[in-house]
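Structure data follow from target.cif (mmCIF, C-alpha atoms):
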data_structure
#
loop_
_atom_site.label_atom_id
_atom_site.label_comp_id
_atom_site.auth_asym_id
_atom_site.auth_seq_id
_atom_site.Cartn_x
_atom_site.Cartn_y
_atom_site.Cartn_z
CA MET A 259 21.70 -66.96 36.88
CA THR A 260 18.91 -64.52 37.86
CA HIS A 261 16.18 -67.15 37.50
CA PHE A 262 12.87 -66.41 39.21
CA ALA A 263 12.04 -68.41 42.33
CA SER A 264 8.89 -69.69 40.64
CA PHE A 265 11.04 -72.04 38.61
CA PHE A 266 12.17 -73.77 41.72
CA GLU A 267 8.81 -73.55 43.57
CA ASN A 268 7.34 -74.12 41.38
CA GLU A 269 -8.79 -60.12 11.88
CA ARG A 270 -6.66 -57.23 12.94
CA GLN A 271 -8.69 -54.17 13.73
CA PRO A 272 -6.87 -51.45 15.70
CA VAL A 273 -8.99 -49.82 18.39
CA THR A 274 -8.37 -46.84 20.62
CA ALA A 275 -11.64 -46.79 22.51
CA ALA A 276 -13.70 -49.33 24.39
CA ARG A 277 -16.06 -51.39 22.28
CA PRO A 278 -19.47 -52.29 23.73
CA ALA A 279 -20.20 -55.95 24.20
CA SER A 280 -21.98 -57.29 21.15
CA PRO A 281 -25.32 -58.99 21.78
CA LEU A 282 -24.18 -61.58 19.26
CA LEU A 283 -21.37 -62.71 21.55
CA SER A 284 -22.24 -65.89 23.36
CA SER A 285 -21.98 -66.07 27.12
CA ALA A 286 -19.21 -68.63 26.68
CA LEU A 287 -17.23 -66.26 24.50
CA LEU A 288 -17.69 -63.44 26.97
CA ALA A 289 -16.54 -65.71 29.76
CA ALA A 290 -13.46 -66.65 27.75
CA LEU A 291 -12.72 -62.98 27.12
CA ALA A 292 -13.09 -62.13 30.80
CA LEU A 293 -10.71 -64.96 31.66
CA ALA A 294 -8.17 -63.75 29.14
CA LEU A 295 -8.29 -60.23 30.55
CA ALA A 296 -7.76 -61.45 34.09
CA ALA A 297 -4.37 -61.13 35.69
CA PRO A 298 -1.90 -63.73 34.45
CA ALA A 299 -0.89 -66.28 37.04
CA ALA A 300 2.75 -65.27 36.83
CA ALA A 301 2.31 -61.48 36.78
CA ALA A 302 5.42 -60.09 38.44
CA GLU A 303 5.35 -57.19 40.84
CA GLY A 304 5.63 -53.66 39.44
CA PRO A 305 6.28 -50.94 38.72
CA HIS A 306 7.76 -51.95 35.39
CA LEU A 307 7.35 -48.94 33.11
CA PRO A 308 9.72 -46.59 35.00
CA VAL A 309 12.38 -49.33 35.08
CA TRP A 310 12.00 -49.90 31.34
CA ARG A 311 12.19 -46.21 30.50
CA GLU A 312 15.02 -45.30 32.85
CA ARG A 313 17.27 -48.36 32.95
CA MET A 314 16.53 -50.57 29.95
CA GLN A 315 15.34 -48.50 26.99
CA PRO A 316 18.45 -46.24 26.91
CA LEU A 317 20.68 -49.30 26.42
CA ILE A 318 21.62 -50.25 22.87
CA PRO A 319 22.17 -54.01 22.60
CA LEU A 320 25.68 -54.90 21.46
CA GLY A 321 26.38 -56.69 18.19
CA TYR A 322 28.85 -59.25 16.87
CA VAL A 323 29.51 -60.59 13.36
CA ALA A 324 30.18 -64.34 13.51
CA ARG A 325 32.34 -65.69 10.68
CA HIS A 326 32.04 -69.06 8.98
CA THR A 327 34.94 -71.47 9.24
CA SER A 328 35.57 -74.14 6.64
CA THR A 329 37.56 -76.23 9.10
CA PRO A 330 35.79 -77.91 12.03
CA LEU A 331 37.22 -76.98 15.41
CA THR A 332 38.74 -79.33 17.95
CA ILE A 333 36.75 -78.86 21.14
CA ASP A 334 39.36 -79.10 23.89
CA GLY A 335 38.87 -75.79 25.70
CA GLN A 336 42.26 -74.37 24.71
CA LEU A 337 41.25 -71.97 21.88
CA ASP A 338 44.37 -72.79 19.88
CA ASP A 339 42.69 -73.65 16.57
CA PRO A 340 43.94 -71.20 13.90
CA ALA A 341 40.36 -70.17 13.13
CA TRP A 342 39.95 -68.73 16.62
CA ALA A 343 42.89 -66.39 16.08
CA ALA A 344 40.98 -64.64 13.31
CA ALA A 345 37.76 -64.33 15.31
CA PRO A 346 37.46 -61.09 17.30
CA TRP A 347 36.68 -61.02 20.98
CA THR A 348 33.48 -59.47 22.21
CA ALA A 349 33.71 -56.39 24.34
CA ASP A 350 34.70 -57.20 27.92
CA PHE A 351 31.73 -58.19 30.04
CA VAL A 352 30.10 -55.58 32.28
CA ASP A 353 27.72 -55.74 35.22
CA ILE A 354 24.26 -56.93 34.24
CA GLU A 355 22.84 -53.52 35.20
CA GLY A 356 25.39 -51.72 33.02
CA ASP A 357 27.05 -48.50 34.12
CA ALA A 358 24.82 -48.37 37.19
CA LYS A 359 27.24 -50.78 38.87
CA PRO A 360 31.06 -51.00 39.12
CA LYS A 361 33.20 -52.61 36.48
CA PRO A 362 33.66 -56.36 37.08
CA ARG A 363 36.78 -57.17 39.06
CA PHE A 364 37.79 -60.01 36.69
CA ARG A 365 37.87 -59.91 32.92
CA THR A 366 35.46 -62.02 30.82
CA ARG A 367 35.12 -62.08 27.04
CA ALA A 368 33.86 -64.42 24.33
CA LYS A 369 34.06 -65.10 20.60
CA LEU A 370 31.99 -67.03 18.05
CA LEU A 371 32.49 -69.03 14.87
CA TRP A 372 30.27 -71.39 12.91
CA ASP A 373 30.31 -74.03 10.21
CA ASP A 374 27.59 -76.04 8.53
CA GLU A 375 27.16 -78.33 11.54
CA PHE A 376 27.88 -76.29 14.67
CA LEU A 377 27.71 -72.91 16.33
CA TYR A 378 31.00 -72.52 18.21
CA ILE A 379 31.38 -70.35 21.31
CA ALA A 380 34.61 -69.73 23.19
CA ALA A 381 35.13 -67.76 26.36
CA GLU A 382 38.01 -66.62 28.53
CA LEU A 383 37.40 -66.00 32.23
CA ALA A 384 40.10 -64.50 34.42
CA GLU A 385 39.89 -66.07 37.88
CA PRO A 386 42.53 -66.07 40.65
CA HIS A 387 40.65 -68.70 42.64
CA LEU A 388 39.33 -71.56 40.53
CA TRP A 389 36.66 -73.58 42.24
CA GLY A 390 33.65 -75.75 41.49
CA THR A 391 31.61 -78.41 43.25
CA LEU A 392 28.82 -79.59 40.94
CA THR A 393 29.38 -82.73 38.89
CA LYS A 394 25.80 -83.84 38.17
CA HIS A 395 24.37 -82.92 34.77
CA ASP A 396 21.41 -80.52 35.03
CA ALA A 397 22.30 -79.49 38.56
CA VAL A 398 21.67 -75.80 39.29
CA ILE A 399 25.04 -74.82 37.86
CA PHE A 400 24.96 -71.15 38.82
CA ASN A 401 25.43 -72.22 42.44
CA ASP A 402 29.05 -72.54 41.27
CA PRO A 403 30.88 -69.87 39.29
CA ASP A 404 29.69 -70.46 35.75
CA PHE A 405 29.43 -69.28 32.15
CA GLU A 406 25.97 -69.05 30.59
CA VAL A 407 24.74 -68.84 26.99
CA PHE A 408 21.30 -67.56 25.95
CA LEU A 409 20.06 -68.10 22.38
CA ASP A 410 16.85 -66.84 20.77
CA PRO A 411 17.19 -67.97 17.13
CA ASP A 412 14.11 -66.20 15.74
CA GLY A 413 14.31 -63.22 18.10
CA ASP A 414 10.67 -63.21 19.26
CA THR A 415 11.48 -63.52 23.02
CA HIS A 416 9.79 -66.94 23.11
CA ALA A 417 11.14 -70.49 22.87
CA TYR A 418 14.75 -69.66 23.68
CA TYR A 419 17.66 -71.74 24.91
CA GLU A 420 19.88 -71.47 27.96
CA PHE A 421 23.04 -73.41 28.69
CA GLU A 422 25.26 -73.15 31.76
CA LEU A 423 28.73 -74.60 32.32
CA ASN A 424 31.06 -74.64 35.32
CA ALA A 425 34.81 -75.18 35.64
CA LEU A 426 34.24 -78.92 36.10
CA ASN A 427 32.67 -79.06 32.62
CA THR A 428 29.28 -79.83 34.15
CA GLY A 429 26.40 -78.51 32.09
CA TRP A 430 22.75 -77.54 32.50
CA ASP A 431 20.58 -77.14 29.39
CA LEU A 432 17.13 -75.57 29.48
CA LEU A 433 14.41 -74.60 27.02
CA LEU A 434 12.24 -71.62 27.98
CA PRO A 435 8.84 -71.38 26.23
CA ARG A 436 8.69 -67.75 27.33
CA PRO A 437 10.31 -65.62 30.07
CA TYR A 438 9.59 -66.40 33.72
CA GLN A 439 8.01 -62.97 34.18
CA ASP A 440 5.36 -63.98 31.62
CA GLY A 441 4.52 -67.28 33.24
CA GLY A 442 7.19 -69.32 31.48
CA LYS A 443 8.33 -72.58 33.07
CA ALA A 444 11.72 -73.92 32.06
CA ARG A 445 11.89 -77.35 30.47
CA ASP A 446 14.66 -78.91 32.48
CA ASP A 447 14.21 -82.20 30.61
CA TRP A 448 15.34 -80.65 27.31
CA GLU A 449 18.71 -81.96 26.17
CA ILE A 450 21.13 -81.03 23.35
CA PRO A 451 22.00 -84.12 21.28
CA GLY A 452 25.49 -83.83 19.84
CA LEU A 453 26.59 -81.01 22.14
CA LYS A 454 30.35 -80.71 22.67
CA THR A 455 31.96 -78.85 25.58
CA ALA A 456 35.45 -78.62 27.02
CA ILE A 457 37.23 -76.68 29.77
CA HIS A 458 40.89 -75.72 30.08
CA LEU A 459 42.05 -74.68 33.54
CA ARG A 460 44.89 -72.21 33.83
CA GLY A 461 45.62 -73.12 37.41
CA THR A 462 44.46 -75.69 39.95
CA LEU A 463 40.87 -76.32 40.93
CA ASN A 464 39.75 -76.02 44.57
CA ASN A 465 43.22 -75.21 45.87
CA PRO A 466 43.28 -72.01 47.98
CA ALA A 467 47.03 -72.35 48.49
CA ASP A 468 47.87 -70.91 45.08
CA THR A 469 46.78 -68.10 42.76
CA ASP A 470 45.28 -69.12 39.43
CA VAL A 471 45.03 -67.36 36.06
CA GLY A 472 41.54 -68.46 35.02
CA TRP A 473 39.79 -70.82 32.65
CA THR A 474 38.82 -71.05 29.02
CA LEU A 475 36.00 -73.01 27.46
CA GLU A 476 34.62 -74.13 24.12
CA ILE A 477 31.04 -75.07 23.29
CA ALA A 478 29.76 -76.54 20.01
CA PHE A 479 25.97 -76.36 19.59
CA PRO A 480 24.65 -78.52 16.72
CA TRP A 481 22.34 -76.57 14.45
CA LYS A 482 19.95 -79.52 14.29
CA ALA A 483 19.48 -79.39 18.07
CA LEU A 484 18.38 -75.73 17.82
CA ALA A 485 16.25 -76.10 14.68
CA ALA A 486 12.87 -76.54 16.37
CA HIS A 487 12.72 -72.86 17.33
CA ALA A 488 14.85 -71.33 14.58
CA ARG A 489 13.59 -69.68 11.39
CA HIS A 490 14.60 -72.75 9.40
CA PRO A 491 16.55 -76.00 9.83
CA GLY A 492 20.30 -76.06 9.36
CA PRO A 493 22.84 -73.27 9.62
CA PRO A 494 21.77 -69.62 9.37
CA ALA A 495 21.42 -67.78 6.07
CA GLU A 496 23.83 -65.04 5.04
CA GLY A 497 23.17 -61.98 7.19
CA GLU A 498 20.72 -63.76 9.49
CA GLN A 499 20.58 -62.36 13.01
CA TRP A 500 19.94 -64.12 16.32
CA ARG A 501 19.37 -62.58 19.72
CA VAL A 502 22.17 -63.81 21.98
CA ASN A 503 23.68 -63.01 25.34
CA PHE A 504 26.34 -64.40 27.63
CA SER A 505 26.51 -64.23 31.40
CA ARG A 506 29.08 -65.07 34.04
CA VAL A 507 28.07 -65.76 37.64
CA GLU A 508 30.78 -65.00 40.19
CA TRP A 509 30.52 -65.50 43.96
CA SER A 510 32.45 -63.77 46.71
CA ILE A 511 34.45 -66.39 48.59
CA THR A 512 36.57 -66.82 51.68
CA VAL A 513 38.96 -69.56 52.78
CA ARG A 514 38.22 -71.62 55.85
CA ASP A 515 39.77 -74.93 56.88
CA GLY A 516 41.73 -75.03 53.65
CA ARG A 517 38.62 -74.81 51.49
CA TYR A 518 36.72 -72.16 49.55
CA HIS A 519 33.37 -71.03 51.01
CA LYS A 520 30.87 -68.48 49.78
CA VAL A 521 30.70 -65.33 51.86
CA PRO A 522 27.39 -65.62 53.75
CA ARG A 523 24.49 -63.35 52.81
CA THR A 524 26.43 -61.94 49.88
CA PRO A 525 24.66 -62.04 46.50
CA GLU A 526 26.41 -63.24 43.40
CA ASN A 527 27.81 -60.97 40.71
CA ASN A 528 26.22 -61.21 37.27
CA TRP A 529 28.56 -60.07 34.51
CA VAL A 530 27.27 -60.05 30.94
CA TRP A 531 28.25 -59.24 27.37
CA SER A 532 25.29 -56.94 26.56
CA PRO A 533 23.83 -55.32 29.70
CA GLN A 534 20.21 -55.95 30.62
CA GLY A 535 19.62 -52.87 32.79
CA VAL A 536 18.04 -55.06 35.48
CA ILE A 537 19.14 -58.16 37.38
CA ASP A 538 17.29 -60.59 35.16
CA MET A 539 18.78 -62.42 32.19
CA HIS A 540 15.29 -63.41 31.09
CA ARG A 541 14.54 -60.18 29.25
CA PRO A 542 15.37 -61.46 25.73
CA GLU A 543 14.46 -58.10 24.20
CA MET A 544 17.65 -56.75 25.78
CA TRP A 545 20.05 -59.39 24.47
CA GLY A 546 22.77 -58.61 21.94
CA THR A 547 22.64 -59.35 18.22
CA VAL A 548 24.81 -61.96 16.50
CA GLN A 549 24.87 -61.72 12.69
CA PHE A 550 26.15 -64.65 10.65
CA THR A 551 28.24 -64.37 7.49
CA ARG A 552 30.19 -66.62 5.15
CA ARG A 553 32.35 -63.75 3.95
CA PRO A 554 36.09 -64.30 4.45
CA VAL A 555 37.79 -62.50 7.30
CA ALA A 556 39.61 -60.20 4.87
CA GLU A 557 36.26 -58.94 3.55
CA PRO A 558 34.36 -56.45 5.73
CA ALA A 559 30.97 -57.55 7.01
CA GLU A 560 28.93 -54.77 8.56
CA LEU A 561 26.41 -55.46 11.31
CA SER A 562 22.92 -54.45 10.16
CA PRO A 563 21.17 -52.21 12.69
CA LEU A 564 18.04 -53.42 14.44
CA ALA A 565 15.12 -52.62 12.15
CA GLY A 566 12.72 -49.96 13.40
CA LYS A 567 14.19 -49.72 16.89
CA PRO A 568 12.05 -46.71 17.94
CA ALA A 569 8.90 -48.63 16.97
CA ARG A 570 10.18 -51.69 18.78
CA ASP A 571 10.88 -49.60 21.88
CA LEU A 572 7.37 -48.18 21.70
CA ALA A 573 5.86 -51.67 21.56
CA LEU A 574 7.87 -52.66 24.63
CA ASP A 575 6.87 -49.43 26.40
CA PHE A 576 3.24 -50.46 25.93
CA TYR A 577 3.94 -53.99 27.14
CA TYR A 578 5.50 -52.73 30.38
CA ALA A 579 2.64 -50.23 30.87
CA GLN A 580 0.20 -53.12 30.62
CA LEU A 581 2.20 -55.11 33.18
CA ASP A 582 1.84 -52.26 35.66
CA PHE A 583 -1.87 -51.92 34.92
CA CYS A 584 -2.33 -55.65 35.40
CA HIS A 585 -0.47 -55.55 38.70
CA ALA A 586 -2.80 -52.83 39.94
CA HIS A 587 -6.10 -54.13 38.53
CA GLN A 588 -5.60 -57.89 38.00
CA ARG A 589 -6.57 -57.59 34.34
CA TRP A 590 -5.31 -56.05 31.12
CA ALA A 591 -6.45 -52.58 30.05
CA THR A 592 -8.89 -52.67 27.15
CA THR A 593 -8.35 -49.14 25.81
CA LEU A 594 -5.47 -46.72 25.56
CA ALA A 595 -7.44 -44.18 27.57
CA GLU A 596 -7.96 -46.67 30.40
CA LEU A 597 -4.26 -47.42 30.36
CA ASN A 598 -3.50 -43.68 30.33
CA TRP A 599 -0.92 -44.33 27.64
CA ALA A 600 -0.28 -42.42 24.41
CA ALA A 601 2.35 -42.67 21.71
CA PRO A 602 4.82 -39.76 21.58
CA ALA A 603 4.02 -36.93 19.20
CA GLY A 604 5.36 -37.57 15.71
CA SER A 605 5.43 -41.36 16.01
CA ALA A 606 3.36 -43.60 13.78
CA ALA A 607 -0.16 -44.34 15.02
CA PRO A 608 -0.14 -47.68 16.82
CA GLY A 609 -2.85 -50.32 16.66
CA PHE A 610 -4.37 -51.94 19.73
CA ARG A 611 -6.97 -54.67 19.91
CA VAL A 612 -8.33 -56.96 22.58
CA THR A 613 -7.99 -60.67 21.86
CA LEU A 614 -9.31 -63.84 23.46
CA THR A 615 -5.94 -64.34 25.12
CA GLY A 616 -5.25 -60.75 26.13
CA TYR A 617 -4.27 -58.07 23.66
CA GLU A 618 -2.18 -57.30 20.57
CA PHE A 619 -0.31 -54.06 20.00
CA THR A 620 1.30 -53.01 16.70
CA VAL A 621 3.63 -50.18 15.75
CA PRO A 622 4.47 -49.53 12.08
CA PHE A 623 7.71 -47.89 11.00
CA THR A 624 9.22 -46.56 7.78
CA ASP A 625 12.82 -45.88 8.82
CA GLY A 626 15.44 -48.36 7.71
CA PRO A 627 15.93 -50.30 4.48
CA ARG A 628 12.24 -51.32 4.32
CA PRO A 629 9.02 -50.49 6.18
CA GLY A 630 7.68 -52.94 8.71
CA THR A 631 5.61 -53.43 11.84
CA TRP A 632 6.58 -54.50 15.34
CA THR A 633 3.90 -56.45 17.21
CA THR A 634 3.76 -57.44 20.86
CA ARG A 635 1.13 -59.00 23.09
CA GLN A 636 0.39 -59.88 26.71
CA ASP A 637 2.99 -62.66 26.89
CA ARG A 638 5.81 -60.41 25.59
CA ARG A 639 6.12 -62.21 22.24
CA LEU A 640 7.70 -59.61 19.97
CA THR A 641 7.61 -60.07 16.20
CA LEU A 642 8.67 -58.12 13.13
CA GLU A 643 6.56 -58.24 9.99
#
Since I need it in another form, could you write the structure as structure tokens?
Amino acid sequence: MTHFASFFENERQPVTAARPASPLLSSALLAALALALAAPAAAAEGPHLPVWRERMQPLIPLGYVARHTSTPLTIDGQLDDPAWAAAPWTADFVDIEGDAKPKPRFRTRAKLLWDDEFLYIAAELAEPHLWGTLTKHDAVIFNDPDFEVFLDPDGDTHAYYEFELNALNTGWDLLLPRPYQDGGKARDDWEIPGLKTAIHLRGTLNNPADTDVGWTLEIAFPWKALAAHARHPGPPAEGEQWRVNFSRVEWSITVRDGRYHKVPRTPENNWVWSPQGVIDMHRPEMWGTVQFTRRPVAEPAELSPLAGKPARDLALDFYYAQLDFCHAHQRWATTLAELNWAAPAGSAAPGFRVTLTGYEFTVPFTDGPRPGTWTTRQDRRLTLE
């Protein structure tokens, strides 16, 4: 869940000081630059930097190694294919804010497999009171208890996928060009050709007279449906990593007139695989890492650490500082001094330049198997070069 209300309402030259306007710049170009530096239409309220530093940055996204299966799975929701037995479960889900909130009252966990046609996801949700009401495809599924999948194939925080499923096997698929906080508007018309889903209920639906065990689910995402925003068509390469997260929405309920009802004025619980630190699933930089391998189960496959994480964190620190500046001044800062921001002592010197659309910020790093550079900009797009 945790969607913003707006969805429903609708030449690289680093600089560290202000550059005087060039007399060679046309008035049209200057006007375009001024427009780019103005506050973005969807700038969210601050402050952001303290939240990033205190609640998000300390979190280390979880990881999972997804194994290849040579045998296609039967999607019936029961998780009884032999291949699933060899696939490990994720860690049990926690509150979306992490240790800041109590442990979820019901267990949730997931597992992944893949073959040359599909990405397979299974989940097990303990639930003593199974209920659901929504049967129309692309309804706002999180108004029921649901399970949600978030996929960012190339890991740049842009053009990512969301899919939600309830206990009635009703789905909602969305494509996000960028996060809501950065002015993104979900494409509700996006569909997943060839998608397969199934639910298995371990109890009875919408029957308060008994106590249920829970439900299990299976989802098969065709690679070709995800190819448009992946690094390449087809299944992932050996060792390729995607940014992924899972969420479960759970509502507090009461029984009245023999039916389940949500407890009034009580917010939903958001339980996730890799905690976000804040109540917002649309912070793709905080999602977990899924690494794909064709190695057999008997052969170890180690998860590669995130390359240059300190440099990546520094780029995000700058991004959130700019969000706060923009909230206060309705434009982006044009120098580090104006932003009152400096890289920590001992870190690599970052690069910062103003662009016609906002700004670009780069942080090089040398730790890890190879050197690289993390780059971010005003719309949060985060890339590794």
> Out of A:Phe408, A:Pro629, A:Tyr617, A:Tyr322, which residue has the shortest atom-to-atom distance to Arg589 (chain A) when counting all atoms listed in the file?
Replying inline: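 The shortest atom-to-atom distance to Arg589 (chain A) comes from A:Tyr617.
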>> Calculated over all atoms listed in the file, which of the candidates A:Leu317, A:Ala343, A:Met544, A:Ile511 has the smallest distance to Gly413 (chain A)?
In response: A:Met544
> Which residue out of A:Pro386, A:Gln588, A:Gln534, A:Asn503 has the minimum interatomic distance to Pro466 (chain A) when all atoms listed in the file are used?
Replying inline: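 Nearest candidate to Pro466 (chain A) out of A:Pro386, A:Gln588, A:Gln534, A:Asn503: A:Pro386.
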>> For a quick check of understanding, using all atoms listed in the file, which of A:Ser605, A:Asn528, A:Asn598, A:Asn427 has the smallest distance to Gly356 (chain A)?
In response: A:Asn528
>> When you count all atoms listed in the file, which of these residues is closest to Glu382 (chain A): A:Leu484, A:Ala397, A:Leu475, A:Ala345?
In response: A:Leu475
>> When you count all atoms listed in the file, which of these residues is closest to Val502 (chain A): A:Ala603, A:Ile537, A:Ala586, A:Val530?
In response: A:Val530
>> So the first atom is CA of Lys443 (chain A) and the second is CA of Glu312 (chain A); what is the distance between them in Å, to one decimal place?
In response: 28.1 Å
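Residues of protein, DNA and RNA with at least one atom no farther than 12 Å from (22.5, -76.6, 39.0) are, using all atoms listed in the file, Met259, His261, Phe266, Gly390, Thr391, Leu392, Thr393, Lys394, His395, Asp396, Ala397, Val398, Ile399, Phe400, Asn401, Asp402, Pro403, Asp404, Glu406, Phe421, Glu422, Leu423, Asn424, Thr428, Gly429, Trp430, Asp431, Leu432 and Asp446 of chain A.
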>> I'd like the contact shell of Pro480 (chain A) - 8 Å cut-off, only C-alpha atoms, skipping same-chain residues fewer than 5 positions apart - returned as a PyMOL selection string.
In response: chain A and resi 375-377+450-453
>> Please list as a list in words every residue within 10 Å of Asp468 (chain A), counting all atoms listed in the file and excluding residues in the same chain fewer than 4 positions away.
In response: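 Skipping anything fewer than 4 positions along the chain leaves Pro386, His387, Leu388, Gly461, Thr462, Leu463 and Asn464 of chain A.
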Save out the residues we just selected, C-alpha atoms, as a PDB file, in the frame of the given file.
ATOM      1  CA  PRO A 386      42.530 -66.070  40.650  1.00  0.00           C
ATOM      2  CA  HIS A 387      40.650 -68.700  42.640  1.00  0.00           C
ATOM      3  CA  LEU A 388      39.330 -71.560  40.530  1.00  0.00           C
ATOM      4  CA  GLY A 461      45.620 -73.120  37.410  1.00  0.00           C
ATOM      5  CA  THR A 462      44.460 -75.690  39.950  1.00  0.00           C
ATOM      6  CA  LEU A 463      40.870 -76.320  40.930  1.00  0.00           C
ATOM      7  CA  ASN A 464      39.750 -76.020  44.570  1.00  0.00           C
TER       8      ASN A 464
END
Would you please take region 436-463 of chain A of the structure in the block above and write C-alpha atoms to a file as a CSV table (one decimal), in the first residue's frame?
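Below you can see out.csv, which holds the result:
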chain,number,residue,atom,x,y,z
A,436,ARG,CA,9.3,7.2,-11.1
A,437,PRO,CA,8.3,7.4,-7.4
A,438,TYR,CA,5.3,9.4,-6.4
A,439,GLN,CA,7.4,11.7,-4.2
A,440,ASP,CA,9.2,12.8,-7.4
A,441,GLY,CA,6.1,13.5,-9.4
A,442,GLY,CA,5.5,10.0,-10.7
A,443,LYS,CA,2.0,9.0,-11.8
A,444,ALA,CA,1.2,5.3,-11.9
A,445,ARG,CA,0.1,3.8,-15.2
A,446,ASP,CA,-2.9,1.9,-14.1
A,447,ASP,CA,-3.5,0.8,-17.7
A,448,TRP,CA,-0.4,-1.2,-17.8
A,449,GLU,CA,-1.1,-5.0,-18.0
A,450,ILE,CA,1.1,-8.1,-17.7
A,451,PRO,CA,0.5,-10.4,-20.7
A,452,GLY,CA,1.0,-14.0,-19.8
A,453,LEU,CA,0.8,-13.4,-16.0
A,454,LYS,CA,-0.2,-16.5,-13.9
A,455,THR,CA,-1.4,-16.3,-10.4
A,456,ALA,CA,-3.1,-18.7,-8.0
A,457,ILE,CA,-4.3,-18.7,-4.3
A,458,HIS,CA,-4.7,-21.6,-1.9
A,459,LEU,CA,-6.8,-20.9,1.1
A,460,ARG,CA,-6.0,-22.8,4.3
A,461,GLY,CA,-9.4,-22.1,5.8
A,462,THR,CA,-12.7,-20.5,4.8
A,463,LEU,CA,-13.0,-17.0,3.3
